[in-house]
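Visitor: Pasting a structure here, questions to come.
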Amino acid sequence: MAKFTRRFIIVLWTTLILGLIISFGTFYSVSIDAFGLFGGLPSLKSLERPDPDLSSELISADGELLGKYYRSNRTPVSYHELSPELIQTLMVTEDVRFTQHSGIDLLGLARALSGVLTFEFKGGGSTLTMQLAENLYKTITENRGSLYKYRKIGQVITKIKEYIISVQLEASYTKEEILAMYLNTIEYGNNSYGIQVAAKTYFNKLPSELNYKESAILVALINAPTRYNPVRNPEVATAKRTEILYNLYKYDKISKEEYDTLKVSDLGLEFKVSDHNTGPAQYFRSVIGNYLRYWAEEHGYDLYADGLKIYTTIDSRMQQYAENAVEKHMKYLHKLFIDHLKGDAPWIDHDGNEMMDFVENAIKGTPYYKSLAKKYSKDSDSIEYYLNQPKKMTVFSWNGEIDTTMSMIDSLKYYKHFLQTGFMAMDPKSGHIKAWVGGINHEHFKYDHVKQGHRQPGSTFKPFVYATAIEAGYSPCFPVADQAVTWYLPGQDPPTWTPQNNDNGKFSGEKMTIRQAMARSINSITAYIMQKVTPLKVVETAKRLGITSPLDAVPTLCLGAGGEVSVYEMVGAYSTFVNKGIYTKPQFITRIEDQNGVVLKDFYPERKEALSEKTAYLMLHMLKGATEEEHGTARGLGWELLNENEIGAKTGTTQRASDGWFMGVTKDLVAGAWVGGDDRSIHFKYWALGQGARTAMPIWQNFMLDVYNDPSLGIEKGSFPDPTFELDVELDCNKHLNQESDSLNIELDDIGSGVF
């Protein structure tokens with residue numbers, strides 16, 4: 001018996017030693033990927049930086065998150081940003097001995113092996129560290145050797161890889177770092193990657209604020225984000241939460257009373273998915289994303305994976321006020337627009353009749369039509385069939401999205417009934433853009449009307465004409481009669497052009513100052529001044545003021561009909577008047593940092609002198625006429641804004657009221673708004689309803705009221721600064737109204753011939 005026992009012990013030890021040698025050989029073979037049989041392991045460098053793709057964040061000037069750029073919406077947190085309740089819930093569910101092992105839990109392995117041998121599941125053998133290895137390095141799906149064609153062998157190799165990586169991770173990181181990395185790598189469903197985004201999505205909380213019942217829901221999502229989704233499957237999620245809460249009670253993390261209370265409580269969700277169509281400044285984020293992608297590629301970064309921090313000039317409070325102003329007015333304007341149409345189509349020709357081919361031409365520009373034309377011939381009946389085939393869809397309305405059934409033709413008609421808008425506000429001194437609203441709803445209308453969209457500026461172009469005259473020596477008090485001005489256009493049909501006034505084309509014959517003329521937006525007097533200073537000089541002035549869009553040096557430019565410009569350009573140009581003649585290019589980024597806070601680039605204002613300080617100051621005086629002169633087009637801003645406050649302004653309306661504009665300047669902010677249809681043929685039937693003072697000015701008005709009512713912004717009413725030079729121009733125009741224009745000693749013939 002003793003001899004048998006001794007032999008048994010020798011055989012046992014020999015088997016154990018041989019097993020260890022074989023195991024060591026297997027582990028070594030896997031680690032070096034012998035003969036390409038096993039697939040590679042992550043490099044030491046990747047182990048030193050094991051972060052998954054990280055979202056790049058867009059941050060406002062006042063420190064608020066505006067949005068993210070990502071493939072997977074993920075923002076990492078550190079261990080110290082996790083609540084103790086979350087940590088305990090995770091450990092009792094996934095790895096109760098996490099703090100006691102070095103990456104491999106032998107007891108857990110034994111339990112899992114026992115379950116395999118007895119065909120009874122008793123729990124998995126993977127530790128949190130092993131799961132982290134799988135999440136980080138995709139051990140199941142990537143780096144597969146030739147032996148992976150044998151499924152069972154491949155599974156064993158995968159586990160061996162996870163053992164090796166786990167040990168390496170445990171040697172490189174603390175337990176706290178591993179736990180934080182684990183929670184940061186998990187997908188929690190609903191486009192939520194990482195615990196920070198998940199906590200925000202499901203509970204509108206930070207990870208540090210999560211309690212036991214919230215933590216139980218999020219931990220349940222780790223292994224089955226669809227099955228245990230509390231939004232889609234609340235009953236299943238509640239049952240799983242109860243199971244996890246019981247584990248907390250089982251391991252003495254909560255009392256029996258707490259368990260009994262928590263298991264019957266509601267889910268407590270505050271669910272909101274974050275994507276590119278939610279959150280503030282959606283148009284801004286979309287437009288500057290193009291610039292950021294180019295910058296990142298040029299400097300060797302991945303905007304969607306490197307976790308960059310982009311600090312912008314946008315103020316989150318002003319951005320919210322701008323979005324509120326747009327929504328409030330455009331909702332009202334839409335109802336007015338639809339009511340006044342009385343069932344008629346809004347696409348109208350020059351004679352006020354419906355354009356019968358509008359829909360046919362518009363549908364041909366859609367991606368859906370182009371895909372059908374590519375699949376079938378352009379004259380195929382199939383195109384007509386599919387364009388008119390009803391489909392289920394969700395459409396925008398001012399009272400919330402509507403689930404409905406429409407054909408593509410009907411959908412296009414429906415959406416063409418909505419007026420669009422663009423609004424931007426900036427600090428005229430720093431050039432920092434403070435608010436940017438590019439349309440009425442980014443999810444349904446992607447096109448940006450601040451920087452991408454260009455439209456005729458109408459009378460908001462007139463200040464460039466008058467600035468050219470002021471620079472040439474004209475005084476704001478220069479008197480001109482409101483009478484017909486004719487341009488001779490040899491070789492054109494017709495050979496002359498006589499611009500009409502907005503008041504039914506009438507000319508009053510009244511003599512008024514050019515300040516009064518600009519305040520009332522008298523077309524005839526602007527045309528007269530344009531003749532004197534020449535269109536070419538006006539184009540040069542506009543270019544100096546930051547207008548980069550093409551402009552034709554033609555007579556009609558005096559009324560804004562010689563080119564198309566953007567809201568972005570116009571706000572930058574008007575800021576020059578407030579900034580003492582210095583043009584500052586509108587700026588939207590101040591700096592970019594990497595994920596560790598290292599500054600990669602600082603951005604500084606781009607400035608140039610565009611006007612003399614004297615010309616800029618006199619133009620401010622001219623612009624104030626719209627709010628101070630009798631019949632000024634901006635007097636409708638109201639007492640609340642105008643009381644104890646100086647505001648310069650200009651309204652603008654193009655032919656048939658296709659475009660409504662408003663530009664407003666104060667000592668601290670310059671802002672502009674445009675309103676119109678997606679197509680120039682879409683507009684109010686009546687010019688009076690579609691003029692800029694009615695369509696665009698209320699947006700500016702509502703925005704500024706909110707800004708002034710928020711003391712935290714530090715923006716107050718007040719006067720423009722006094723000039724730093726000795727003013728040698730008389731601004732009291734009462735002294736000039738009865739004087740002839742030649743009394744100003746300006747040799748008009750030297751400025752322009754007056755015949756074109």
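Here, A, B, ... name the chains of the structure tokens in the order displayed, residue numbers run from 1 inside each chain, and ligands are numbered from 1 in the same displayed order.
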Neighbours of Ser575 in chain A within 8 Å (only C-alpha atoms; same-chain residues fewer than 5 positions away dropped), as an NGL selection string?
Guide: :A and (427-429 or 583-584 or 665 or 670)
Visitor: Would you mind reading off the distance between CA of Glu327 in chain A and CA of His444 in chain A, one decimal, in Å?
Guide: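 One can read the CA of Glu327 in chain A to CA of His444 in chain A distance as 14.4 Å.
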Visitor: Using only C-alpha atoms, which residue out of A:His340, A:Lys446, A:Lys309, A:Lys532 lies closest to Val598 in chain A?
Guide: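 Residue with the minimum atom-to-atom distance to Val598 in chain A: A:Lys309.
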Visitor: Just list as a list in words whatever in range 523-603 of chain A DSSP marks as strand (DSSP E).
Guide: Ile582, Tyr583, Thr584, Ile589, Thr590, Arg591, Ile592, Glu593, Val599, Leu600, Lys601 and Asp602 of chain A
Visitor: With only C-alpha atoms as the atoms that count, which of A:Lys537, A:Leu669, A:Ser681, A:Ala573 lies nearest to Asn353 in chain A?
Guide: A:Ser681
Visitor: List the neighbours of range 719-733 of chain A out to 9 Å using only C-alpha atoms; skip same-chain residues closer than 5 positions along the sequence, and give me the result as a PDB file with C-alpha atoms, in the first residue's frame.
Guide:
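Result written to part-v8.pdb:
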ATOM      1  CA  SER A 475     -21.782 114.410 -44.649  1.00  0.00           C
ATOM      2  CA  PRO A 476     -24.695 112.478 -43.086  1.00  0.00           C
ATOM      3  CA  CYS A 477     -26.560 115.773 -43.464  1.00  0.00           C
ATOM      4  CA  PHE A 478     -26.062 115.983 -47.237  1.00  0.00           C
ATOM      5  CA  THR A 513     -30.565 114.148 -45.621  1.00  0.00           C
ATOM      6  CA  ARG A 515     -29.129 109.848 -42.998  1.00  0.00           C
ATOM      7  CA  VAL A 578     -18.628  99.438 -34.362  1.00  0.00           C
ATOM      8  CA  LYS A 580     -13.673 101.952 -35.342  1.00  0.00           C
ATOM      9  CA  GLU A 613     -12.164 105.722 -37.550  1.00  0.00           C
ATOM     10  CA  LYS A 614     -13.964 108.868 -38.682  1.00  0.00           C
ATOM     11  CA  TYR A 617     -18.089 106.662 -36.502  1.00  0.00           C
ATOM     12  CA  LEU A 618     -20.154 108.592 -39.051  1.00  0.00           C
ATOM     13  CA  LEU A 620     -22.692 104.410 -36.838  1.00  0.00           C
ATOM     14  CA  HIS A 621     -24.483 107.746 -36.757  1.00  0.00           C
ATOM     15  CA  GLU A 644     -31.482 104.433 -22.764  1.00  0.00           C
ATOM     16  CA  ASN A 645     -29.812 102.497 -25.545  1.00  0.00           C
ATOM     17  CA  GLU A 646     -28.191 103.257 -28.893  1.00  0.00           C
ATOM     18  CA  ILE A 647     -28.931 100.828 -31.706  1.00  0.00           C
ATOM     19  CA  THR A 666     -24.958  97.772 -30.448  1.00  0.00           C
ATOM     20  CA  LYS A 667     -21.851  98.702 -28.531  1.00  0.00           C
ATOM     21  CA  ASP A 668     -21.260  95.065 -27.508  1.00  0.00           C
TER      22      ASP A 668
END
Visitor: Counting only C-alpha atoms, which of A:Gln389, A:Ser208, A:Asn229, A:Thr242 gets nearest to Ser83 in chain A?
Guide: A:Ser208
Visitor: Hey, could you make a per-residue contact list for range 320-381 of chain A against range 269-288 of chain A with 10 Å as the cut-off, showing the nearest pair of atoms and its distance in Å to one decimal, counting only C-alpha atoms, sorted by chain and number, as CSV?
Guide:
residue,atom,partner,partner_atom,distance
A:Gln320,CA,A:Pro280,CA,7.1
A:Ala322,CA,A:Ala281,CA,9.6
A:Glu323,CA,A:Pro280,CA,8.2
